[in-house]
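Below you'll find the structure, written out as structure tokens, and then a few comments.
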Amino acid sequence: MTITATQLNPGRRTIAPTAWRDDTMRRRIARRYAAERRFKLLGLAAVLLSAGFLAFLLITMIGNGARGFTRTEIALPIDFQHSVIMIDPATLQSPAAQQALANANLPAVIDTAANTAFGEGGARMISPGAQIAVRKAILADPTVLNGTATITVPASEGIDVAAKGHGDAANEAAVNRLKQAGALSTGFNLRFLTASDGTDPTLVGIWGALKGSLITMGITLALSFPIGVLAALYLEEYAPRNRWTDLVEVSINNLAAVPSIIFGLLGLAIFLNLMHLPRSAPLVGGMTLALMTMPVIVIAGRNAIKAVPPSIRNAALGIGASPVQVVFHHVLPLALPGILTGTIIGMARALGETAPLLMIGMRAFVASPPGGITDPASVLPVQIFLWSDEVGRGFIEKTSAAIIVLLLFLLTMNSLAIYLRNKFEKKW
Amino acid sequence: MVMTPVTDIQAPSKMSAHGVNVFYGEKQAISDVSIAVDLNDVTALIGPSGCGKSTFLRTLNRMNDTVAGARVEGHITLDGEDIYGPAMDVVQLRARVGMVFQKPNPFPKTIYENIAYGPRIHGLAHNKADLDEIVEKALRRAGLWEEVKDRLHESGTALSGGQQQRLCIGRAIAVEPEVILMDEPCSALDPIATARIEELILDLRGNYAIVIVTHNMQQAARVSQRTAFFHLGQLVEHGPTAEIFTNPREERTRDYITGRYG
């Protein structure tokens with residue numbers, strides 16, 4: 001005999017069996033599938049949109065920026081023998097050679113040579129940086145002074161821009177003339193990677209800002225990582241749970257959300273006005289950015305430490321490890337990958353930060369790379385900001401090129417952090 | 001209620017508890033427990049869930065110190081020395097009173113490192129050869145040596161559950177404890193792995209005072225010489241295992257043993 005539900009629950013009303021195959025059910029299933037398809041399509045669209053923006057950014061940046069890494073060069077014949085050069089060939093072998101070349105009236109020599117070679121206005125086709133190339137040529141082979149030599153020199157901003165297709169009519173005509181004379185060529189702009197800021201776009205370089213960024217990031221990391229990790233460890237492992245630690249927790253969470261310019265004002269008030277540290281220096285920049293990065297590291301660190309299973313702590317305590325040994329032998333190594341992820345995010349944000357650095361005077365025009373942590377310096381994002389403000393077409397390319405350098409820096413930094421994270425990641 | 005007073009025991013006990021109360025905040029988890037644990041004996045703590053047997057176990061090596069709001073009253077002595085006294089170093093206490101947990105919890109390190117960690121932090125080995133010897137000895141005593149001797153430098157977490165638990169026992173043994181506390185060491189293991197652990201407990205008996213918390217009454221009967229029955233935070237009865245299981249003095253013990261509740 002089979003027992004029905006009614007027999008088991010005599011007081012209950014019998015419910016009709018569910019019709020799993022009727023039309024209402026079919027429609028319900030069709031609606032569910034449609035909702036699923038819609039959601040998938042929306043997700044895909046979102047991914048494609050962001051990928052599209054990224055591709056657009058990369059294509060424009062690389063398209064513009066690649067030209068920032070090249071320069072137009074002109075083969076300039078210089079008749080040294082009949083020029084106004086004032087140099088004694090004998091001094092070229094002595095240590096004073098550079099000094100002698102600096103006083104040799106080279107700009108006038110080059111201007112005359114250019115005017116002779118390319119007609120009136122030829123001097124304006126040559127970059128002020130030409131004398132560097134000429135000096136090098138003379139030092140490499142002093143015999144050129146005895147006759148006429150053809151030296152490849154960088155073209156001026158106008159010619160450079162026109163050769164790259166964005167010049168005005170006069171410059172384009174000049175470029176065409178040079179092309180016909182076979183004097184025009186394109187070379188790699190090594191100077192862009194080795195020089196600092198300047199007033200002429202053919203002479204500026206990114207090295208000063210890159211070095212400034214390196215030093216600043218070094219200081220930020222050296223300050224925020226240990227302080228952030230120690231604070232996270234203390235708060236998670238040692239601090240008693242009470243009103244004060246709650247207050248500290250709320251403050252740290254809020255600090256992570258404070259707009260960066262306010263950290264700049266804080267840095268200005270404390271490091272410059274109160275402590276009288278040097279203005280525009282990577283030291284102060286690094287300290288200001290460390291203030292900003294620390295809360296991010298503390299929050300990520302606390303989450304990573306919380307995620308370490310308590311059984312590991314018990315295991316270590318159970319065989320007589322002291323609390324400090326538990327923390328440094330077990331908890332920290334297991335939390336490190338998570339802490340490093342937080343550090344990547346914090347440092348990436350600090351690297352791209354401009355506003356707080358403007359407040360502490362890092363938007364100054366700095367024409368030489370910083371020699372130490374207290375020398376005036378610029379950083380990559382500020383340099384980009386400064387160049388993007390310039391009107392000359394030459395600077396547009398330099399801005400894009402600087403952005404490429406910044407992105408490469410970011411990529412290198414992140415790859416390093418991801419490598420470290422994977423290295424420390426334990427398998428369970 | 002009849003309890004065996006501590007003074008009744010002839011030889012000085014390895015560990016004894018006297019009038020122990022444990023509070024979690026306002027809630028009292030253990031009230032007035034007195035019990036002695038002898039070297040060479042396995043003492044089983046049995047009782048229904050939430051009766052306080054694990055809590056009591058954790059007072060014996062002061063693991064309750066790590067629980068916020070936990071408070072212990074009364075006297076617990078190890079070789080006559082008050083373990084909650086100011087002269088007792090809690091880190092050293094935990095080396096002398098080792099613990100094996102419910103869920104196997106090897107460190108995410110190699111098998112060798114799991115065993116070597118304790119001796120290393122306590123400075124028990126003077127050189128690599130010493131340490132190798134300690135590791136081998138501990139793994140042999142834990143009955144794991146033959147299974148892992150060729151892969152000492154593989155991860156301890158890659159072992160099976162039963163092997164992991166024996167690794168944890170080996171880890172506790174490696175620091176030469178005098179007492180070993182086991183908190184339901186077989187509850188996460190299959191019957192075969194459980195049998196291995198029980199064999200191991202029988203092997204270890206005689207070198208250590210062992211206190212084991214278990215839900216499994218057959219297990220208590222198999223491995224222990226003395227049994228203590230806890231109920232609602234109280235020690236209802238304790239005595240030789242055979243006596244507790246065949247002729248309990250208390251109604252509540254009898255009901256629990258015969259499965260009327262629990």
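Residue numbers start at 1 in each chain; chains themselves are named A, B, ... in the order of the structure tokens; ligands are numbered from 1 in the order shown.
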Distance limit 8 Å, atoms considered: only C-alpha atoms. Which chain B residues sit that close to chain A? Return them as a PyMOL selection string. chain B and resi 61+63+90-95+98-101+105-108+118+121+157-158+171-172+175
Residues of the last selection are to be written out with N, CA and C atoms, as a PDB file, in the first residue's frame.
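Done, and the output landed in part.pdb:
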```pdb
ATOM      1  N   ASN B  61      46.806  24.460  28.972  1.00  0.00           N
ATOM      2  CA  ASN B  61      48.006  25.085  28.412  1.00  0.00           C
ATOM      3  C   ASN B  61      47.781  26.577  28.158  1.00  0.00           C
ATOM      4  N   MET B  63      45.628  28.161  26.495  1.00  0.00           N
ATOM      5  CA  MET B  63      45.204  28.632  25.179  1.00  0.00           C
ATOM      6  C   MET B  63      44.002  29.562  25.310  1.00  0.00           C
ATOM      7  N   VAL B  90      54.259  31.607  29.869  1.00  0.00           N
ATOM      8  CA  VAL B  90      53.215  30.921  29.113  1.00  0.00           C
ATOM      9  C   VAL B  90      53.766  30.246  27.867  1.00  0.00           C
ATOM     10  N   VAL B  91      54.800  30.844  27.269  1.00  0.00           N
ATOM     11  CA  VAL B  91      55.383  30.263  26.062  1.00  0.00           C
ATOM     12  C   VAL B  91      56.049  28.928  26.397  1.00  0.00           C
ATOM     13  N   GLN B  92      56.780  28.915  27.518  1.00  0.00           N
ATOM     14  CA  GLN B  92      57.431  27.678  27.930  1.00  0.00           C
ATOM     15  C   GLN B  92      56.390  26.630  28.339  1.00  0.00           C
ATOM     16  N   LEU B  93      55.326  27.108  29.005  1.00  0.00           N
ATOM     17  CA  LEU B  93      54.262  26.193  29.409  1.00  0.00           C
ATOM     18  C   LEU B  93      53.710  25.447  28.201  1.00  0.00           C
ATOM     19  N   ARG B  94      53.499  26.185  27.112  1.00  0.00           N
ATOM     20  CA  ARG B  94      52.893  25.554  25.940  1.00  0.00           C
ATOM     21  C   ARG B  94      53.848  24.607  25.252  1.00  0.00           C
ATOM     22  N   ALA B  95      55.153  24.806  25.468  1.00  0.00           N
ATOM     23  CA  ALA B  95      56.101  23.824  24.956  1.00  0.00           C
ATOM     24  C   ALA B  95      56.039  22.562  25.812  1.00  0.00           C
ATOM     25  N   GLY B  98      51.924  20.207  25.230  1.00  0.00           N
ATOM     26  CA  GLY B  98      51.656  20.324  23.795  1.00  0.00           C
ATOM     27  C   GLY B  98      50.180  20.136  23.497  1.00  0.00           C
ATOM     28  N   MET B  99      49.778  20.563  22.286  1.00  0.00           N
ATOM     29  CA  MET B  99      48.360  20.464  21.961  1.00  0.00           C
ATOM     30  C   MET B  99      48.161  19.990  20.522  1.00  0.00           C
ATOM     31  N   VAL B 100      47.177  19.124  20.345  1.00  0.00           N
ATOM     32  CA  VAL B 100      46.786  18.667  19.007  1.00  0.00           C
ATOM     33  C   VAL B 100      45.337  19.081  18.824  1.00  0.00           C
ATOM     34  N   PHE B 101      45.040  19.694  17.695  1.00  0.00           N
ATOM     35  CA  PHE B 101      43.724  20.308  17.527  1.00  0.00           C
ATOM     36  C   PHE B 101      42.755  19.398  16.785  1.00  0.00           C
ATOM     37  N   ASN B 105      46.075  20.912  11.464  1.00  0.00           N
ATOM     38  CA  ASN B 105      46.477  22.262  11.039  1.00  0.00           C
ATOM     39  C   ASN B 105      47.978  22.369  10.842  1.00  0.00           C
ATOM     40  N   PRO B 106      48.514  21.603   9.871  1.00  0.00           N
ATOM     41  CA  PRO B 106      49.940  21.755   9.603  1.00  0.00           C
ATOM     42  C   PRO B 106      50.235  23.145   9.045  1.00  0.00           C
ATOM     43  N   PHE B 107      51.453  23.604   9.272  1.00  0.00           N
ATOM     44  CA  PHE B 107      51.850  24.877   8.660  1.00  0.00           C
ATOM     45  C   PHE B 107      51.964  24.672   7.153  1.00  0.00           C
ATOM     46  N   PRO B 108      51.677  25.686   6.367  1.00  0.00           N
ATOM     47  CA  PRO B 108      51.871  25.537   4.908  1.00  0.00           C
ATOM     48  C   PRO B 108      53.351  25.562   4.550  1.00  0.00           C
ATOM     49  N   GLY B 118      59.251  23.895  15.959  1.00  0.00           N
ATOM     50  CA  GLY B 118      59.234  23.971  17.424  1.00  0.00           C
ATOM     51  C   GLY B 118      60.626  23.860  18.031  1.00  0.00           C
ATOM     52  N   ILE B 121      62.624  27.105  17.427  1.00  0.00           N
ATOM     53  CA  ILE B 121      62.341  28.326  18.205  1.00  0.00           C
ATOM     54  C   ILE B 121      62.681  28.141  19.679  1.00  0.00           C
ATOM     55  N   THR B 157      50.910  20.174   3.781  1.00  0.00           N
ATOM     56  CA  THR B 157      49.473  20.268   3.525  1.00  0.00           C
ATOM     57  C   THR B 157      49.048  19.343   2.389  1.00  0.00           C
ATOM     58  N   ALA B 158      50.042  18.725   1.697  1.00  0.00           N
ATOM     59  CA  ALA B 158      49.689  17.820   0.599  1.00  0.00           C
ATOM     60  C   ALA B 158      49.389  16.418   1.120  1.00  0.00           C
ATOM     61  N   ARG B 171      54.686  17.098  15.415  1.00  0.00           N
ATOM     62  CA  ARG B 171      55.122  18.471  15.658  1.00  0.00           C
ATOM     63  C   ARG B 171      55.064  18.787  17.152  1.00  0.00           C
ATOM     64  N   ALA B 172      53.992  18.309  17.816  1.00  0.00           N
ATOM     65  CA  ALA B 172      53.876  18.549  19.258  1.00  0.00           C
ATOM     66  C   ALA B 172      54.936  17.757  20.020  1.00  0.00           C
ATOM     67  N   VAL B 175      58.949  18.960  20.449  1.00  0.00           N
ATOM     68  CA  VAL B 175      59.490  19.888  21.451  1.00  0.00           C
ATOM     69  C   VAL B 175      59.564  19.229  22.828  1.00  0.00           C
TER      70      VAL B 175
END
```
Write out as number ranges by chain each polymer residue whose atoms come within 12 Å of Val405 (chain A), counting only C-alpha atoms; drop sequence neighbours fewer than 2 positions from it. A: 61-62, 65-66, 68-69, 192-193, 205-207, 209-211, 213, 352, 379-381, 383-384, 398-403, 407-412
List every residue of region 90-155 of chain B that DSSP, applied to the backbone of this structure, assigns to strand (DSSP E), and report them as a ChimeraX atom specification. /B:97-100
Can you tell me, as a VMD selection string, what residues are no more than 9 Å from Ile345 (chain A) when counting only C-alpha atoms, ignoring any on the same chain fewer than 3 positions away? chain A and resid 293 296 to 297 340 to 342 348 to 350 414
I'd like the contact shell of region 254-259 of chain B - 8 Å cut-off, only C-alpha atoms, skipping same-chain residues fewer than 5 positions apart - returned as a PyMOL selection string. chain B and resi 47+217+245+248-249
Could you turn the residues from that selection into a file that holds C-alpha atoms, as an mmCIF file, in the first residue's frame?
```
data_model
loop_
_atom_site.group_PDB
_atom_site.id
_atom_site.type_symbol
_atom_site.label_atom_id
_atom_site.label_comp_id
_atom_site.auth_asym_id
_atom_site.auth_seq_id
_atom_site.Cartn_x
_atom_site.Cartn_y
_atom_site.Cartn_z
ATOM 1 C CA GLY B 47 30.365 14.686 27.595
ATOM 2 C CA MET B 217 32.653 6.863 23.738
ATOM 3 C CA PHE B 245 31.748 2.597 31.641
ATOM 4 C CA PRO B 248 29.051 4.672 36.991
ATOM 5 C CA ARG B 249 28.121 6.173 40.303
#
```
Got a sec: who's within 6 Å of Gly147 (chain A), counting only C-alpha atoms, leaving out chain neighbours fewer than 3 positions off, as a VMD selection string? chain A and resid 79 to 81 144
Would you export the selected residues with N, CA and C atoms as a tab-separated table (two decimals), in the first residue's frame, please?
```tsv
chain	number	residue	atom	x	y	z
A	79	ASP	N	82.18	74.64	-42.97
A	79	ASP	CA	83.54	74.93	-43.43
A	79	ASP	C	84.31	75.53	-42.27
A	80	PHE	N	84.94	74.66	-41.48
A	80	PHE	CA	85.62	75.16	-40.27
A	80	PHE	C	86.79	76.07	-40.62
A	81	GLN	N	87.48	75.72	-41.74
A	81	GLN	CA	88.70	76.46	-42.06
A	81	GLN	C	88.44	77.94	-42.26
A	144	VAL	N	88.80	67.61	-38.44
A	144	VAL	CA	87.74	68.26	-39.21
A	144	VAL	C	87.94	69.77	-39.25
```
Spatial neighbours of Gln218 (chain B), max dist 12 Å, only C-alpha atoms, sep filter under 4 positions, as a ChimeraX atom specification: /B:44,46,194-195,198,214,222-224,227,241-242,245,257-259
Which of region 90-146 of chain A fall in helix (DSSP H, G or I), as a PyMOL selection string: chain A and resi 90-93+97-102+106-118+122-125+130-140+142-146
Write a file of the selected residues as a short mmCIF file (atom, residue, chain, number, x, y, z; two decimals), in the first residue's frame, keeping N, CA and C atoms.
```cif
data_model
loop_
_atom_site.label_atom_id
_atom_site.label_comp_id
_atom_site.auth_asym_id
_atom_site.auth_seq_id
_atom_site.Cartn_x
_atom_site.Cartn_y
_atom_site.Cartn_z
N ALA A 90 95.29 72.42 -30.24
CA ALA A 90 96.13 71.77 -29.22
C ALA A 90 95.34 71.53 -27.93
N THR A 91 94.44 72.47 -27.59
CA THR A 91 93.71 72.35 -26.32
C THR A 91 92.73 71.17 -26.34
N LEU A 92 92.41 70.68 -27.54
CA LEU A 92 91.42 69.61 -27.63
C LEU A 92 91.89 68.33 -26.96
N GLN A 93 93.20 68.16 -26.84
CA GLN A 93 93.72 66.96 -26.19
C GLN A 93 93.76 67.12 -24.67
N ALA A 97 89.32 70.76 -22.75
CA ALA A 97 88.75 70.76 -24.09
C ALA A 97 87.30 71.25 -24.10
N GLN A 98 86.48 70.78 -23.15
CA GLN A 98 85.07 71.18 -23.12
C GLN A 98 84.95 72.68 -22.92
N GLN A 99 85.77 73.19 -22.00
CA GLN A 99 85.76 74.62 -21.71
C GLN A 99 86.12 75.40 -22.97
N ALA A 100 87.15 74.94 -23.63
CA ALA A 100 87.61 75.61 -24.84
C ALA A 100 86.52 75.60 -25.91
N LEU A 101 85.82 74.45 -26.04
CA LEU A 101 84.76 74.34 -27.04
C LEU A 101 83.59 75.26 -26.71
N ALA A 102 83.35 75.41 -25.39
CA ALA A 102 82.24 76.27 -24.98
C ALA A 102 82.52 77.72 -25.35
N LEU A 106 80.85 78.52 -31.18
CA LEU A 106 80.24 77.54 -32.08
C LEU A 106 78.87 77.96 -32.62
N PRO A 107 77.98 78.57 -31.78
CA PRO A 107 76.67 78.94 -32.33
C PRO A 107 76.78 79.80 -33.57
N ALA A 108 77.72 80.75 -33.53
CA ALA A 108 77.87 81.63 -34.70
C ALA A 108 78.36 80.83 -35.90
N VAL A 109 79.28 79.90 -35.65
CA VAL A 109 79.82 79.06 -36.72
C VAL A 109 78.69 78.28 -37.38
N ILE A 110 77.84 77.69 -36.52
CA ILE A 110 76.75 76.86 -37.04
C ILE A 110 75.75 77.70 -37.82
N ASP A 111 75.39 78.86 -37.24
CA ASP A 111 74.43 79.73 -37.92
C ASP A 111 74.93 80.11 -39.31
N THR A 112 76.20 80.51 -39.38
CA THR A 112 76.78 80.91 -40.66
C THR A 112 76.74 79.74 -41.63
N ALA A 113 77.13 78.57 -41.13
CA ALA A 113 77.17 77.39 -42.00
C ALA A 113 75.78 77.08 -42.53
N ALA A 114 74.76 77.19 -41.63
CA ALA A 114 73.39 76.86 -42.04
C ALA A 114 72.89 77.86 -43.07
N ASN A 115 73.17 79.15 -42.84
CA ASN A 115 72.75 80.17 -43.79
C ASN A 115 73.42 79.96 -45.13
N THR A 116 74.69 79.56 -45.10
CA THR A 116 75.41 79.31 -46.33
C THR A 116 74.82 78.12 -47.08
N ALA A 117 74.54 77.06 -46.31
CA ALA A 117 74.12 75.82 -46.94
C ALA A 117 72.69 75.89 -47.44
N PHE A 118 71.79 76.45 -46.63
CA PHE A 118 70.36 76.39 -46.97
C PHE A 118 69.74 77.73 -47.28
N GLY A 122 68.42 79.82 -42.93
CA GLY A 122 68.89 78.46 -42.65
C GLY A 122 69.18 78.26 -41.18
N ALA A 123 69.64 79.33 -40.50
CA ALA A 123 69.99 79.21 -39.09
C ALA A 123 68.79 78.79 -38.26
N ARG A 124 67.60 79.21 -38.73
CA ARG A 124 66.40 78.89 -37.95
C ARG A 124 65.96 77.44 -38.13
N MET A 125 66.60 76.73 -39.04
CA MET A 125 66.25 75.31 -39.22
C MET A 125 67.01 74.43 -38.25
N ALA A 130 72.33 71.84 -31.66
CA ALA A 130 73.27 71.43 -32.71
C ALA A 130 74.71 71.51 -32.23
N GLN A 131 74.98 72.51 -31.40
CA GLN A 131 76.39 72.66 -31.00
C GLN A 131 76.89 71.47 -30.21
N ILE A 132 75.98 70.76 -29.56
CA ILE A 132 76.41 69.56 -28.83
C ILE A 132 76.94 68.52 -29.82
N ALA A 133 76.18 68.36 -30.92
CA ALA A 133 76.61 67.40 -31.94
C ALA A 133 77.93 67.84 -32.56
N VAL A 134 78.06 69.14 -32.78
CA VAL A 134 79.28 69.64 -33.41
C VAL A 134 80.48 69.44 -32.48
N ARG A 135 80.28 69.75 -31.20
CA ARG A 135 81.36 69.55 -30.23
C ARG A 135 81.83 68.11 -30.24
N LYS A 136 80.87 67.21 -30.24
CA LYS A 136 81.21 65.78 -30.21
C LYS A 136 82.03 65.42 -31.44
N ALA A 137 81.59 65.95 -32.60
CA ALA A 137 82.28 65.63 -33.84
C ALA A 137 83.71 66.14 -33.80
N ILE A 138 83.90 67.35 -33.25
CA ILE A 138 85.25 67.91 -33.20
C ILE A 138 86.12 67.09 -32.27
N LEU A 139 85.55 66.73 -31.10
CA LEU A 139 86.34 65.96 -30.13
C LEU A 139 86.71 64.59 -30.70
N ALA A 140 85.78 64.00 -31.46
CA ALA A 140 86.04 62.67 -31.99
C ALA A 140 87.14 62.71 -33.05
N PRO A 142 89.60 65.77 -34.39
CA PRO A 142 89.99 67.20 -34.47
C PRO A 142 90.42 67.63 -35.87
N THR A 143 90.71 66.66 -36.74
CA THR A 143 91.18 67.06 -38.07
C THR A 143 90.10 67.75 -38.89
N VAL A 144 88.80 67.61 -38.44
CA VAL A 144 87.74 68.26 -39.21
C VAL A 144 87.94 69.77 -39.25
N LEU A 145 88.68 70.29 -38.25
CA LEU A 145 88.88 71.74 -38.19
C LEU A 145 89.70 72.26 -39.37
N ASN A 146 90.40 71.34 -40.05
CA ASN A 146 91.27 71.78 -41.14
C ASN A 146 90.54 71.93 -42.46
#
```
In Å to one decimal, how far is CA of Gly208 (chain A) from CA of Ser368 (chain A)? 6.0 Å
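Residue nearest Ile111 (chain B) within the list B:Cys168, B:Ala193, B:Val67, B:Leu78: B:Cys168 [criterion: smallest interatomic distance, only C-alpha atoms].
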